[in-house]
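J.: This one is run_33.txt, compact mmCIF, C-alpha atoms and all ligand atoms.
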# COMPACT_ATOMS: atom_id res chain seq x y z
CA MET X 27 22.49 -24.32 114.24
CA ALA X 28 26.21 -24.17 113.87
CA PRO X 29 27.53 -23.19 110.48
CA ALA X 30 28.13 -26.12 108.23
CA SER X 31 31.40 -26.35 106.40
CA SER X 32 32.04 -23.50 104.01
CA PHE X 33 33.21 -25.67 101.11
CA PRO X 34 33.12 -23.95 97.75
CA ILE X 35 29.96 -24.98 95.94
CA LYS X 36 28.34 -23.72 92.78
CA VAL X 37 24.62 -23.46 93.12
CA GLY X 38 23.88 -21.39 90.02
CA HIS X 39 21.28 -18.67 90.01
CA ILE X 40 18.59 -19.15 92.62
CA HIS X 41 15.41 -17.37 91.67
CA ASP X 42 13.37 -15.61 94.28
CA VAL X 43 9.92 -17.12 93.74
CA GLN X 44 8.13 -14.01 94.96
CA GLU X 45 9.99 -11.95 92.37
CA LEU X 46 9.03 -14.43 89.67
CA MET X 47 5.39 -13.95 90.64
CA GLN X 48 5.67 -10.17 90.53
CA ALA X 49 6.73 -10.19 86.88
CA ASN X 50 4.19 -9.05 84.30
CA GLU X 51 3.82 -12.55 83.03
CA PRO X 52 4.77 -14.88 85.84
CA HIS X 53 6.42 -18.03 84.58
CA VAL X 54 8.00 -21.06 86.15
CA PRO X 55 11.65 -21.54 85.11
CA GLU X 56 12.78 -25.01 84.06
CA ARG X 57 14.82 -25.37 87.21
CA PHE X 58 11.62 -25.73 89.26
CA ILE X 59 9.88 -28.26 87.01
CA ARG X 60 9.91 -31.79 88.37
CA ASN X 61 9.06 -34.98 86.62
CA LYS X 62 5.68 -36.49 87.33
CA VAL X 63 6.99 -39.17 89.65
CA GLU X 64 8.38 -36.57 91.97
CA THR X 65 5.25 -34.47 92.24
CA GLN X 66 2.65 -37.22 91.91
CA ALA X 67 -0.53 -35.73 93.15
CA SER X 68 -1.54 -39.19 94.28
CA ALA X 69 -2.43 -37.71 97.57
CA THR X 70 -5.24 -37.23 98.95
CA THR X 71 -7.22 -38.12 101.57
CA ALA X 72 -7.76 -35.08 103.65
CA SER X 73 -8.20 -37.68 106.35
CA ASN X 74 -7.01 -35.93 109.38
CA ILE X 75 -4.05 -36.72 111.53
CA PRO X 76 -4.80 -37.42 115.20
CA VAL X 77 -5.60 -34.55 117.56
CA VAL X 78 -4.15 -34.48 121.06
CA ASP X 79 -5.68 -32.26 123.73
CA LEU X 80 -2.79 -31.07 125.91
CA SER X 81 -5.11 -29.72 128.62
CA LYS X 82 -6.35 -33.27 129.25
CA LEU X 83 -2.78 -34.47 129.71
CA LEU X 84 -1.97 -31.62 132.07
CA ASN X 85 -5.20 -31.23 134.03
CA GLY X 86 -7.59 -33.98 133.00
CA ASP X 87 -9.10 -36.51 135.39
CA GLU X 88 -7.65 -40.02 135.37
CA THR X 89 -9.93 -41.28 132.58
CA GLU X 90 -9.28 -38.29 130.33
CA PHE X 91 -5.57 -38.52 130.98
CA GLN X 92 -5.41 -42.22 130.12
CA SER X 93 -7.41 -41.88 126.94
CA GLU X 94 -5.34 -38.89 125.77
CA MET X 95 -2.12 -40.80 126.51
CA LEU X 96 -3.38 -43.65 124.33
CA LYS X 97 -4.01 -41.18 121.53
CA LEU X 98 -0.56 -39.69 121.95
CA SER X 99 1.21 -43.04 121.77
CA ALA X 100 -0.86 -44.16 118.77
CA SER X 101 -0.10 -40.86 117.01
CA CYS X 102 3.61 -41.26 117.58
CA GLU X 103 3.67 -44.88 116.55
CA GLU X 104 1.29 -44.90 113.60
CA TRP X 105 1.53 -41.39 112.19
CA GLY X 106 4.62 -39.61 113.49
CA PHE X 107 2.39 -36.53 113.30
CA PHE X 108 -0.40 -35.03 115.38
CA GLN X 109 -2.11 -31.73 116.02
CA VAL X 110 -2.11 -30.38 119.52
CA ILE X 111 -5.04 -28.31 120.77
CA ASN X 112 -5.50 -26.50 124.08
CA HIS X 113 -1.74 -26.09 124.22
CA GLY X 114 -2.06 -23.01 126.41
CA ILE X 115 -0.19 -20.64 124.08
CA ASP X 116 -1.94 -17.30 123.79
CA GLU X 117 -3.66 -16.74 120.46
CA GLU X 118 -2.05 -13.35 120.35
CA VAL X 119 1.43 -14.85 120.43
CA LEU X 120 0.48 -16.99 117.43
CA SER X 121 -1.18 -14.21 115.44
CA ASP X 122 1.71 -11.91 116.24
CA ILE X 123 4.38 -14.19 114.84
CA GLU X 124 2.24 -14.84 111.75
CA LYS X 125 1.90 -11.11 111.27
CA VAL X 126 5.57 -10.15 111.57
CA ALA X 127 6.64 -13.09 109.42
CA MET X 128 4.21 -12.00 106.68
CA GLU X 129 5.43 -8.42 106.95
CA PHE X 130 8.98 -9.63 106.52
CA PHE X 131 8.19 -11.72 103.43
CA MET X 132 6.28 -8.83 101.88
CA LEU X 133 9.34 -6.54 102.03
CA PRO X 134 11.05 -5.72 98.73
CA ALA X 135 13.45 -8.48 97.68
CA GLU X 136 16.49 -6.16 98.00
CA GLU X 137 15.70 -5.60 101.65
CA LYS X 138 15.34 -9.32 102.39
CA ARG X 139 18.47 -10.18 100.46
CA LYS X 140 20.54 -8.18 102.93
CA ARG X 141 20.47 -11.29 105.07
CA PRO X 142 21.20 -14.10 102.63
CA ILE X 143 21.72 -17.76 103.31
CA ALA X 144 25.32 -18.36 102.29
CA PRO X 145 25.88 -21.54 100.26
CA GLY X 146 26.50 -24.44 102.60
CA MET X 147 25.00 -22.54 105.51
CA ILE X 148 21.56 -22.71 106.95
CA GLN X 149 20.74 -19.36 108.58
CA GLY X 150 19.37 -16.40 106.68
CA TYR X 151 16.94 -15.63 103.87
CA GLY X 152 16.63 -17.47 100.57
CA GLN X 153 16.60 -21.17 99.72
CA ALA X 154 18.46 -23.61 101.89
CA PHE X 155 19.60 -27.13 100.90
CA VAL X 156 20.84 -26.18 97.42
CA PHE X 157 24.25 -27.66 96.68
CA SER X 158 24.69 -27.86 92.92
CA GLU X 159 23.79 -26.08 89.72
CA GLU X 160 21.86 -29.12 88.51
CA GLN X 161 19.70 -29.39 91.59
CA LYS X 162 16.03 -28.56 91.16
CA LEU X 163 14.58 -25.73 93.25
CA ASP X 164 11.57 -25.58 95.52
CA TRP X 165 8.80 -23.01 95.11
CA CYS X 166 9.45 -21.41 98.46
CA ASN X 167 11.26 -18.55 100.16
CA MET X 168 12.71 -19.23 103.58
CA LEU X 169 14.01 -17.38 106.55
CA ALA X 170 15.95 -19.62 108.92
CA LEU X 171 17.33 -18.53 112.29
CA ALA X 172 18.91 -20.28 115.25
CA ILE X 173 17.23 -19.42 118.56
CA GLU X 174 18.85 -21.49 121.31
CA PRO X 175 21.42 -21.74 122.74
CA PHE X 176 21.90 -18.00 122.60
CA SER X 177 25.47 -18.35 121.32
CA PHE X 178 24.10 -19.92 118.08
CA ARG X 179 22.18 -16.77 117.21
CA ASP X 180 23.52 -14.78 114.34
CA LEU X 181 21.84 -11.51 115.20
CA SER X 182 23.18 -9.89 112.03
CA LEU X 183 20.70 -12.08 110.15
CA TRP X 184 17.65 -11.16 112.25
CA PRO X 185 15.31 -8.85 110.33
CA ILE X 186 15.11 -5.25 111.52
CA TYR X 187 11.83 -4.77 109.63
CA PRO X 188 9.24 -5.02 110.96
CA PRO X 189 10.76 -3.52 114.13
CA THR X 190 8.87 -5.92 116.42
CA PHE X 191 10.11 -8.99 114.57
CA SER X 192 12.72 -10.05 117.14
CA GLU X 193 10.45 -9.55 120.11
CA SER X 194 7.63 -11.54 118.52
CA LEU X 195 10.00 -14.33 117.57
CA GLU X 196 11.41 -14.45 121.11
CA ASN X 197 7.95 -14.62 122.64
CA TYR X 198 6.79 -17.31 120.27
CA SER X 199 9.97 -19.37 120.59
CA ARG X 200 9.86 -19.30 124.38
CA GLU X 201 6.36 -20.80 124.29
CA ILE X 202 7.37 -23.41 121.73
CA ASN X 203 10.34 -24.37 123.89
CA LYS X 204 8.05 -25.00 126.87
CA LEU X 205 5.61 -26.93 124.70
CA CYS X 206 8.36 -29.22 123.41
CA GLN X 207 9.59 -29.94 126.91
CA SER X 208 6.08 -30.72 128.04
CA LEU X 209 5.32 -32.97 125.06
CA LEU X 210 8.60 -34.83 125.49
CA ARG X 211 7.68 -35.61 129.11
CA PHE X 212 4.40 -37.17 128.00
CA ILE X 213 6.06 -38.95 125.08
CA ALA X 214 8.55 -40.48 127.56
CA MET X 215 5.61 -41.66 129.68
CA THR X 216 3.96 -43.35 126.67
CA LEU X 217 7.15 -45.45 126.49
CA SER X 218 6.99 -46.23 130.24
CA LEU X 219 10.19 -44.26 130.73
CA ASN X 220 11.09 -41.73 133.38
CA LYS X 221 9.34 -38.54 132.35
CA ASN X 222 12.58 -36.55 132.42
CA VAL X 223 14.55 -38.92 130.26
CA PHE X 224 14.53 -36.67 127.19
CA GLU X 225 15.36 -33.59 129.19
CA GLU X 226 18.50 -35.36 130.35
CA ILE X 227 19.40 -36.62 126.89
CA PHE X 228 18.76 -33.27 125.19
CA GLY X 229 20.73 -31.22 127.70
CA GLU X 230 20.90 -27.58 126.65
CA ALA X 231 18.57 -28.11 123.71
CA VAL X 232 19.06 -26.54 120.29
CA GLN X 233 16.10 -24.65 118.89
CA ALA X 234 15.81 -23.12 115.44
CA VAL X 235 13.04 -21.67 113.35
CA ARG X 236 12.36 -21.77 109.63
CA MET X 237 9.68 -19.58 108.16
CA ASN X 238 8.51 -20.84 104.79
CA TYR X 239 6.59 -18.57 102.42
CA TYR X 240 4.97 -20.21 99.41
CA PRO X 241 3.60 -17.70 96.91
CA PRO X 242 0.90 -18.95 94.50
CA CYS X 243 2.36 -20.93 91.60
CA PRO X 244 1.06 -20.92 88.01
CA ARG X 245 1.94 -24.63 87.67
CA PRO X 246 1.35 -26.13 91.10
CA ASP X 247 1.27 -29.71 89.79
CA ASP X 248 4.76 -29.47 88.30
CA VAL X 249 6.74 -28.08 91.23
CA ASN X 250 7.49 -28.92 94.84
CA GLY X 251 6.73 -26.28 97.46
CA LEU X 252 9.16 -28.07 99.74
CA SER X 253 10.76 -31.37 98.67
CA PRO X 254 9.88 -34.54 100.59
CA HIS X 255 12.04 -34.96 103.68
CA SER X 256 12.01 -35.97 107.30
CA ASP X 257 13.19 -33.47 109.91
CA GLY X 258 16.56 -33.86 111.60
CA SER X 259 15.16 -32.61 114.90
CA GLY X 260 13.86 -34.40 117.96
CA LEU X 261 10.47 -32.74 117.68
CA THR X 262 9.15 -30.22 115.16
CA VAL X 263 6.31 -27.76 115.74
CA LEU X 264 4.55 -26.24 112.73
CA LEU X 265 2.23 -23.26 112.77
CA GLN X 266 0.34 -22.56 109.57
CA ARG X 267 -0.89 -19.02 109.05
CA LYS X 268 -4.65 -18.67 109.20
CA GLY X 269 -6.21 -18.41 105.76
CA SER X 270 -3.30 -20.16 104.04
CA SER X 271 -4.02 -22.73 101.37
CA ALA X 272 -3.68 -26.37 102.41
CA GLY X 273 -0.12 -27.43 101.66
CA LEU X 274 1.43 -29.86 104.10
CA GLN X 275 1.26 -33.52 103.11
CA ILE X 276 2.62 -36.51 104.94
CA LEU X 277 3.45 -39.98 103.67
CA ASN X 278 1.26 -42.52 105.40
CA ASN X 279 1.19 -46.12 104.10
CA ASP X 280 2.67 -44.94 100.80
CA THR X 281 -0.05 -42.36 100.25
CA TRP X 282 0.37 -38.62 100.57
CA VAL X 283 -2.19 -37.39 103.07
CA SER X 284 -3.05 -33.68 103.28
CA VAL X 285 -2.99 -32.12 106.68
CA ASP X 286 -5.70 -29.62 107.34
CA PRO X 287 -4.80 -27.66 110.46
CA ILE X 288 -7.45 -26.85 113.04
CA PRO X 289 -7.39 -23.08 113.72
CA ASN X 290 -4.94 -22.27 116.54
CA ALA X 291 -3.71 -25.85 116.73
CA LEU X 292 -0.03 -26.63 116.31
CA ILE X 293 1.19 -29.52 114.22
CA ILE X 294 3.81 -31.71 115.85
CA ASN X 295 6.02 -34.27 114.21
CA ILE X 296 8.64 -36.74 115.30
CA GLY X 297 12.10 -35.98 113.92
CA ASP X 298 14.95 -38.33 113.01
CA THR X 299 16.56 -37.95 116.44
CA LEU X 300 13.52 -39.27 118.28
CA GLU X 301 13.36 -42.17 115.83
CA VAL X 302 16.94 -43.08 116.72
CA LEU X 303 16.43 -42.64 120.49
CA THR X 304 13.35 -44.88 120.45
CA ASN X 305 15.19 -47.39 118.23
CA GLY X 306 12.57 -46.89 115.53
CA LYS X 307 9.46 -47.41 117.66
CA TYR X 308 8.45 -43.82 116.92
CA LYS X 309 9.39 -42.90 113.37
CA SER X 310 10.12 -39.63 111.68
CA VAL X 311 7.70 -39.42 108.79
CA GLU X 312 8.39 -38.09 105.34
CA HIS X 313 6.48 -34.94 104.48
CA ARG X 314 6.42 -32.21 101.85
CA ALA X 315 4.63 -28.99 100.97
CA ILE X 316 2.68 -28.36 97.80
CA THR X 317 1.68 -25.03 96.29
CA HIS X 318 -1.59 -23.56 95.10
CA LYS X 319 -2.52 -21.74 91.89
CA GLU X 320 -4.11 -18.73 93.55
CA LYS X 321 -3.40 -18.81 97.25
CA ASP X 322 -0.20 -18.27 99.17
CA ARG X 323 0.85 -19.98 102.35
CA LEU X 324 3.06 -19.27 105.33
CA SER X 325 4.34 -21.84 107.77
CA ILE X 326 6.49 -21.21 110.81
CA VAL X 327 8.44 -24.31 111.70
CA SER X 328 10.37 -24.75 114.96
CA PHE X 329 12.94 -27.49 115.41
CA TYR X 330 13.87 -28.78 118.85
CA ALA X 331 16.92 -31.03 119.15
CA PRO X 332 19.53 -32.23 121.64
CA SER X 333 22.63 -30.21 122.40
CA TYR X 334 25.25 -30.77 119.70
CA ASP X 335 27.75 -32.27 122.13
CA LYS X 336 25.33 -35.06 123.16
CA GLU X 337 25.87 -38.64 122.08
CA ILE X 338 22.78 -40.02 120.41
CA GLY X 339 21.83 -43.64 119.86
CA PRO X 340 18.98 -45.97 120.78
CA MET X 341 18.12 -45.60 124.49
CA PRO X 342 19.15 -48.72 126.46
CA GLU X 343 15.50 -49.27 127.51
CA MET X 344 14.53 -49.62 123.84
CA VAL X 345 17.05 -52.38 123.10
CA ASP X 346 17.10 -56.01 124.24
CA GLU X 347 17.91 -59.41 122.78
CA ASN X 348 14.75 -59.37 120.66
CA ASN X 349 15.15 -55.76 119.61
CA HIS X 350 18.67 -55.11 118.48
CA ALA X 351 19.93 -51.59 118.01
CA ASN X 352 18.98 -50.39 114.53
CA TYR X 353 21.07 -47.22 114.72
CA LYS X 354 24.64 -46.43 115.64
CA ILE X 355 25.89 -43.96 118.25
CA TYR X 356 26.97 -40.54 116.99
CA SER X 357 27.07 -36.96 118.19
CA GLN X 358 24.07 -34.74 117.52
CA GLY X 359 26.39 -32.07 116.12
CA GLU X 360 27.73 -34.56 113.59
CA TYR X 361 24.20 -35.45 112.52
CA SER X 362 23.13 -31.86 112.25
CA LYS X 363 26.10 -31.09 110.02
CA HIS X 364 25.31 -34.11 107.87
CA TYR X 365 21.67 -33.01 107.61
CA VAL X 366 22.30 -29.42 106.54
CA THR X 367 24.96 -30.35 104.00
CA ASN X 368 22.70 -32.72 102.07
CA LYS X 369 19.74 -31.96 99.90
CA LEU X 370 16.26 -32.83 101.10
CA GLN X 371 15.57 -36.30 99.81
CA GLY X 372 12.96 -38.26 101.68
CA LYS X 373 14.41 -40.11 104.65
CA LYS X 374 17.80 -40.59 103.04
CA THR X 375 19.65 -38.46 105.58
CA LEU X 376 18.83 -40.97 108.28
CA ASP X 377 20.89 -43.66 106.49
CA PHE X 378 23.79 -41.95 108.25
CA ALA X 379 22.58 -43.42 111.54
CA LYS X 380 21.18 -46.77 110.39
CA ILE X 381 23.17 -49.87 111.12
CA HIS X 382 21.74 -51.60 108.02
CA PRO X 383 20.59 -48.81 105.71
C1 LIG Q 401 9.87 -27.92 107.20
C2 LIG Q 401 8.58 -28.40 106.69
C3 LIG Q 401 6.42 -27.94 105.76
C4 LIG Q 401 5.50 -26.81 105.50
O1 LIG Q 401 10.11 -26.69 107.16
O2 LIG Q 401 10.67 -28.77 107.64
O3 LIG Q 401 8.37 -29.57 106.66
O4 LIG Q 401 4.31 -27.07 105.43
N1 LIG Q 401 7.67 -27.51 106.26
O5 LIG Q 401 5.96 -25.68 105.35
NI NI Q 402 9.87 -30.67 107.68
Could I get this file's structure written as structure tokens?
T.:
Amino acid sequence: MAPASSFPIKVGHIHDVQELMQANEPHVPERFIRNKVETQASATTASNIPVVDLSKLLNGDETEFQSEMLKLSASCEEWGFFQVINHGIDEEVLSDIEKVAMEFFMLPAEEKRKRPIAPGMIQGYGQAFVFSEEQKLDWCNMLALAIEPFSFRDLSLWPIYPPTFSESLENYSREINKLCQSLLRFIAMTLSLNKNVFEEIFGEAVQAVRMNYYPPCPRPDDVNGLSPHSDGSGLTVLLQRKGSSAGLQILNNDTWVSVDPIPNALIINIGDTLEVLTNGKYKSVEHRAITHKEKDRLSIVSFYAPSYDKEIGPMPEMVDENNHANYKIYSQGEYSKHYVTNKLQGKKTLDFAKIHP
């Protein structure tokens, strides 16, 4: 995640939501309060997003393979989201990253603030995507770090407490990297494309992680945990800490649907880049996080995207005289910069790439 421009911006005071909750009488400052339209709790089917069994794609017999492939393509086309089970990642790797992330967020605020997100940047601790004093804030603390390529790492921002943090993050990220490559091969096959097509397009892929910690909130119906947005990535992988409150919601047919993770499953979603590459056949779906009055929540979100020097646009196989290109050609680095220098606002960032926004 290359640094965005360092233009001078005034973001005002950004409260640390954990500190607010540690006060004698926790209160929610005005800057977090949204109007009803923005938080509408209209949601609410806990109807579950599709579940894809990776072991059936990797080792299943022909019938299992075909039926799982159908599920995968329907998930990508109709939901933009699915949970993946039997992904082969050791439970210990998952519980380990959950543990060190929690330990980090539980450190005193002064310790965490030694690695701040600078305004207009994306790596570090704090709140990202804040660009003006008027902008509302989300009820969330974040730690964002670039993982791959290695040269993007800003090791001065990597926590030194707990001492095993870096090792756990490396182990987890390596597994997520393999999972993304594997899923992209099967996603290519659902489109009847060469299974390595994404590997070639992505090149030396960019991988980043964002850990989101949502403390309980006294007024959960009046705030956003994380504002509605789509992800700028190719694919995103979300791990929700066991025992967390439900919090992730996705927009499906104009209704917010709560996602209830299966223990040890990972939640996958299609990012803007895959929408562009598939010329809109597979869409990045708007999602948000809500908070809970008593329970906290931790999510660990990995973003997997093409190398910044790659040119991105609809793949030639996805365009013909009946399906014109809906998106322009641009460099991934350009898009990434555009994404991190704009506030989270539904799918608005993708207008950058649309031919007729
Ligand atoms: C994200 C995201 C949702 C969550 O970090 O991009 O969508 O549940 N997080 O934390
Ligand atoms: Ni997201």
J.: Once you count all atoms listed in the file, which residues end up within 9 Å of ligand NI 402 (chain Q), and could you hand them over as a list in words?
T.: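 The distance check yields Leu252, Pro254, His255, Ser256, Asp257, Gly258, Thr262, Leu264, Asn295, Gly297, Glu312, His313, Arg314, Ala315, Val327 and Phe329 of chain X.
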J.: Check the smallest atom-to-atom distance from each of X:Pro289, X:Gly251, X:Gly152, X:Gly269 to Glu64 in chain X using all atoms listed in the file, then report the winner.
T.: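 The answer is X:Gly251, which sits nearest to Glu64 in chain X.
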J.: So that I can see what lies close to range 339-343 of chain X, please list as a list in words the residues with an atom at most 7 Å from it, counting only C-alpha atoms and leaving out residues fewer than 3 positions away in the same chain.
T.: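 Non-adjacent residues within range: Val302, Leu303, Thr304, Asn305, Ala351, Tyr353, Lys354, Ile355 and Tyr356 of chain X.
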J.: Check the smallest atom-to-atom distance from each of X:Gly306, X:Gly260, X:Gly273, X:Gly372 to ligand LIG 401 (chain Q) using only C-alpha atoms and all ligand atoms, then report the winner.
T.: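 Checking each of X:Gly306, X:Gly260, X:Gly273, X:Gly372 against ligand LIG 401 (chain Q), counting only C-alpha atoms and all ligand atoms, the winner is X:Gly273.
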J.: Find, counting all atoms listed in the file, the residue in X:Lys162, X:Lys97, X:Lys62, X:Arg141 that gets nearest to His41 in chain X.
T.: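 The closest residue to His41 in chain X is X:Lys162.
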J.: Would you mind telling me which residue in X:Asp247, X:Asp298, X:Glu137, X:Glu225 lies nearest to Val54 in chain X when using all atoms listed in the file?
T.: X:Asp247
J.: For the point (20.4, -16.5, 113.5) in file coordinates, what residues are within 10 Å, counting only C-alpha atoms? Give the answer as a list in words?
T.: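 Here the neighbourhood of the point contains Met27, Ala28, Arg141, Ile148, Gln149, Gly150, Leu169, Ala170, Leu171, Ala172, Ile173, Glu174, Phe176, Ser177, Phe178, Arg179, Asp180, Leu181, Ser182, Leu183, Trp184, Pro185, Ala234 and Val235 of chain X.
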J.: What gap, in Å, lies between CA of Tyr308 in chain X and CA of Met168 in chain X?
T.: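 About the pair CA of Tyr308 in chain X and CA of Met168 in chain X: they are 28.3 Å apart.
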J.: Can you work out which one of X:Gln371, X:Ser284, X:Asn238, X:Thr317 has the shortest atom-to-atom distance to ligand LIG 401 (chain Q), counting all atoms listed in the file?
T.: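 Selected residue with least distance to ligand LIG 401 (chain Q): X:Asn238.
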J.: Go through X:Thr375, X:Ser192, X:Asn167, X:Asn349 one by one, measure the shortest atom-to-atom distance of each to ligand LIG 401 (chain Q) using only C-alpha atoms and all ligand atoms, and give the residue with the smallest value.
T.: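 Smallest separation from ligand LIG 401 (chain Q) among the options: X:Asn167.
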J.: Give me the residues near range 197-212 of chain X as a count of residues only, where near means some atom within 10 Å (using only C-alpha atoms) and where sequence neighbours in that chain fewer than 2 positions away do not count.
T.: 54
J.: In Å, how far is it from CA of Arg267 in chain X to atom O2 of ligand LIG 401 (chain Q)?
T.: 15.2 Å
